[in-house]
Amino acid sequence: MLQEKIDPVDKARRLAVDFTERAAHFDATGDFPFENFTRLFEAGLLGLVTAPEHGGHGGGLAEAQAVITEIARGEPSTALVLAMHYNSHYSLRRFAKWPAHLAERVLTANRLGPALINAAQAEPRIGSPAHGALPETIARRDGDVWRISGHKSYVTGIPVLKWVSLLALTDEEVPRLASFLVPTDSPGVRIEKKWNAAGMHATASDDIILDNVVVPLEDIVESQPASEPLRREEHATAFFFSLIGAVYHGVALSARDRVLAFAAHHTPASLGAPLSTVPRIQDGLGEIEVRLATNARLLRSLGEDVDAGRVVGMDGMHVRHVVIDNAVAITSLALELAGNPGLNRDFHLERHHRDAITARSHAPQSHMIRTIAARNALGRLASR
């Protein structure tokens, strides 16, 4: 008998149905959804974008978007942590910048069990590297090792991470900006629980403190002169921003599903017919559909362009900006259409809205994206 072959998006869709059952619990308590990552590993989804020769599926951005969107419909905090993991594995596979021994270490662990990875770049005083300041986390060379001390913030998924790719400034005569592969169980690494946001509560995007953490000299993922702006390859940037957008697109889809079912089945006594028969309600539901269709088209188009190797420029940032704005508008409108019932925590719409507005915390924030877009446009004009 032939075994049923299930594609990754179908696997994600089926898992999301189960993840939905405990999503409200994770939101209310902030407990980390460890079991979700065990299920993702068992389904083979932690290796979605990993090359087949390393035990992965070899998926591209369009497929990763679809998987992240489905998982986010079930439990968006899980989806965001997964998106960060995919981002690291995509960079590892696509750009071949990683030293062979580090790549083998991460890829082998990813085949054997839940061994997630995320970047650790932001800091309490300087914020994101996107703001242009050098990190205050310092890597000091000591013989054949580095000793790293510093403080990183918003390390999404830290309870389940096996490693962080940690950005630090070296203390060399000519300083470098370098990313070090740091095991999260290294002596001197301490988690400081800081994350208590209104939404995406279960991402556990806490701080990590590093106190004289020892890292082998050769465990640098990549580096560049500290005097140069942090390098960002356009496809890697588009991949990262697109997956963040896909998380909140999934949140908006869940809000749509909830308010649509409510409008179709709720029949107020004063109306004598379902809410969906009211023109104002139909107009609002229609606006939600237009915004969702726009998001889906933008994400898919960007994903297909990246997968085909086409030039995408700054479109990753632009698409993320629009998708997040639409997700916030959709969840807000869904709350308005549902009226008082929508504000009940058991109704879940207010949770979807809180998750959506938390998207605005991702760097670079919308005002920075618009400023970058304006400067690029002015630069093109000046060069004519």
# chains A, B, ... in the order shown; residues from 1 in each chain; ligands from 1

$ residues_around --residues "Leu210 of chain A" --least-positions-apart "2" --cutoff "6 Å" --atoms "only C-alpha atoms" --output "MDAnalysis selection string"
chainID A and resid 149:150 188:189 213

$ closest_residue --among "A:Asp142, A:Asp315, A:Glu70, A:Glu63" --to "Leu253 of chain A" --atoms "only C-alpha atoms"
A:Glu70

$ closest_atom_pairs --of "segment 193-241 of chain A" --to "segment 299-305 of chain A" --cutoff "12 Å" --atoms "only C-alpha atoms" --output "Markdown table"
| residue | atom | partner | partner_atom | distance |
| --- | --- | --- | --- | --- |
| A:Glu234 | CA | A:Asp305 | CA | 11.5 |
| A:His235 | CA | A:Asp305 | CA | 9.2 |
| A:Ala236 | CA | A:Gly303 | CA | 11.5 |
| A:Thr237 | CA | A:Leu302 | CA | 11.5 |
| A:Ala238 | CA | A:Leu302 | CA | 7.7 |
| A:Phe239 | CA | A:Gly303 | CA | 7.7 |
| A:Phe240 | CA | A:Gly303 | CA | 10.9 |
| A:Phe241 | CA | A:Leu299 | CA | 10.0 |

$ closest_atom_pairs --of "segment 191-251 of chain A" --to "segment 5-29 of chain A" --cutoff "12 Å" --atoms "only C-alpha atoms" --output "JSON lines"
{"residue": "A:Asn196", "atom": "CA", "partner": "A:Thr29", "partner_atom": "CA", "distance": 10.3}
{"residue": "A:Ala197", "atom": "CA", "partner": "A:Asp27", "partner_atom": "CA", "distance": 10.2}
{"residue": "A:Ala198", "atom": "CA", "partner": "A:Asp27", "partner_atom": "CA", "distance": 9.2}
{"residue": "A:Gly199", "atom": "CA", "partner": "A:Asp27", "partner_atom": "CA", "distance": 7.4}
{"residue": "A:Met200", "atom": "CA", "partner": "A:Asp27", "partner_atom": "CA", "distance": 7.0}
{"residue": "A:His201", "atom": "CA", "partner": "A:Asp27", "partner_atom": "CA", "distance": 5.3}
{"residue": "A:Ala202", "atom": "CA", "partner": "A:Phe26", "partner_atom": "CA", "distance": 5.6}
{"residue": "A:Thr203", "atom": "CA", "partner": "A:Phe26", "partner_atom": "CA", "distance": 9.3}
{"residue": "A:Ala204", "atom": "CA", "partner": "A:Phe26", "partner_atom": "CA", "distance": 10.5}
{"residue": "A:Gly250", "atom": "CA", "partner": "A:Ala16", "partner_atom": "CA", "distance": 10.6}
{"residue": "A:Val251", "atom": "CA", "partner": "A:Thr20", "partner_atom": "CA", "distance": 11.5}

$ residues_around --residues "Ala263 of chain A" --least-positions-apart "5" --cutoff "8 Å" --atoms "only C-alpha atoms" --output "short mmCIF file (atom, residue, chain, number, x, y, z; two decimals) with all heavy atoms, in the first residue's frame"
data_model
loop_
_atom_site.label_atom_id
_atom_site.label_comp_id
_atom_site.auth_asym_id
_atom_site.auth_seq_id
_atom_site.Cartn_x
_atom_site.Cartn_y
_atom_site.Cartn_z
N PRO A 274 -29.16 37.28 9.62
CA PRO A 274 -27.73 37.32 9.98
C PRO A 274 -27.12 38.71 9.76
O PRO A 274 -27.56 39.46 8.87
CB PRO A 274 -27.11 36.29 9.04
CG PRO A 274 -28.21 35.38 8.66
CD PRO A 274 -29.44 36.25 8.61
N LEU A 275 -26.11 39.03 10.55
CA LEU A 275 -25.41 40.31 10.40
C LEU A 275 -24.86 40.49 8.98
O LEU A 275 -24.74 41.62 8.49
CB LEU A 275 -24.23 40.38 11.38
CG LEU A 275 -24.51 40.83 12.81
CD1 LEU A 275 -23.22 40.78 13.61
CD2 LEU A 275 -25.07 42.25 12.81
N SER A 276 -24.53 39.39 8.34
CA SER A 276 -23.94 39.46 7.00
C SER A 276 -24.88 40.04 5.96
O SER A 276 -24.45 40.35 4.83
CB SER A 276 -23.48 38.08 6.55
OG SER A 276 -24.56 37.16 6.56
N ILE A 281 -21.96 45.89 7.05
CA ILE A 281 -21.14 44.73 7.40
C ILE A 281 -20.52 44.13 6.16
O ILE A 281 -19.33 43.76 6.13
CB ILE A 281 -21.98 43.68 8.15
CG1 ILE A 281 -22.59 44.28 9.45
CG2 ILE A 281 -21.15 42.45 8.48
CD1 ILE A 281 -21.56 44.71 10.48
N ALA A 338 -17.46 43.10 14.69
CA ALA A 338 -18.00 42.14 15.66
C ALA A 338 -18.66 42.82 16.85
O ALA A 338 -19.44 42.20 17.57
CB ALA A 338 -16.89 41.22 16.15
#

$ residues_around --residues "Pro175 of chain A" --least-positions-apart "4" --cutoff "12 Å" --atoms "only C-alpha atoms" --output "list in words"
Leu134, Pro135, Ile138, Ala139, Arg140, Arg141, Ala168, Leu169, Thr170, Asp171, Ser223, Gln224, Pro225, Ala226, Ser227 and Glu228 of chain A

$ write_last_selection --atoms "C-alpha atoms" --output "compact mmCIF listing (two decimals), in the first residue's frame"
# COMPACT_ATOMS: atom_id res chain seq x y z
CA LEU A 134 27.97 49.82 16.53
CA PRO A 135 27.19 47.09 19.06
CA ILE A 138 32.61 43.20 22.59
CA ALA A 139 34.58 40.14 21.51
CA ARG A 140 38.10 40.21 22.94
CA ARG A 141 40.74 37.90 21.53
CA ALA A 168 29.67 41.76 18.28
CA LEU A 169 32.48 44.26 17.79
CA THR A 170 35.99 42.82 17.97
CA ASP A 171 38.69 44.55 19.98
CA SER A 223 32.71 39.46 9.47
CA GLN A 224 33.36 42.83 7.88
CA PRO A 225 35.22 46.04 8.75
CA ALA A 226 33.41 47.89 11.52
CA SER A 227 33.90 51.13 9.58
CA GLU A 228 31.48 49.95 6.87

$ atom_distance --atom1 "atom CA of Phe180 of chain A" --atom2 "atom CA of Ile244 of chain A"
23.4 Å

$ closest_residue --among "A:Ile117, A:Ala261, A:Leu112, A:Val160" --to "Pro33 of chain A" --atoms "only C-alpha atoms"
A:Val160

$ select_by_dssp --residues "segment 165-364 of chain A" --states "alpha helix (DSSP H)" --output "VMD selection string"
chain A and resid 234 to 265 279 to 307 315 to 338 349 to 358
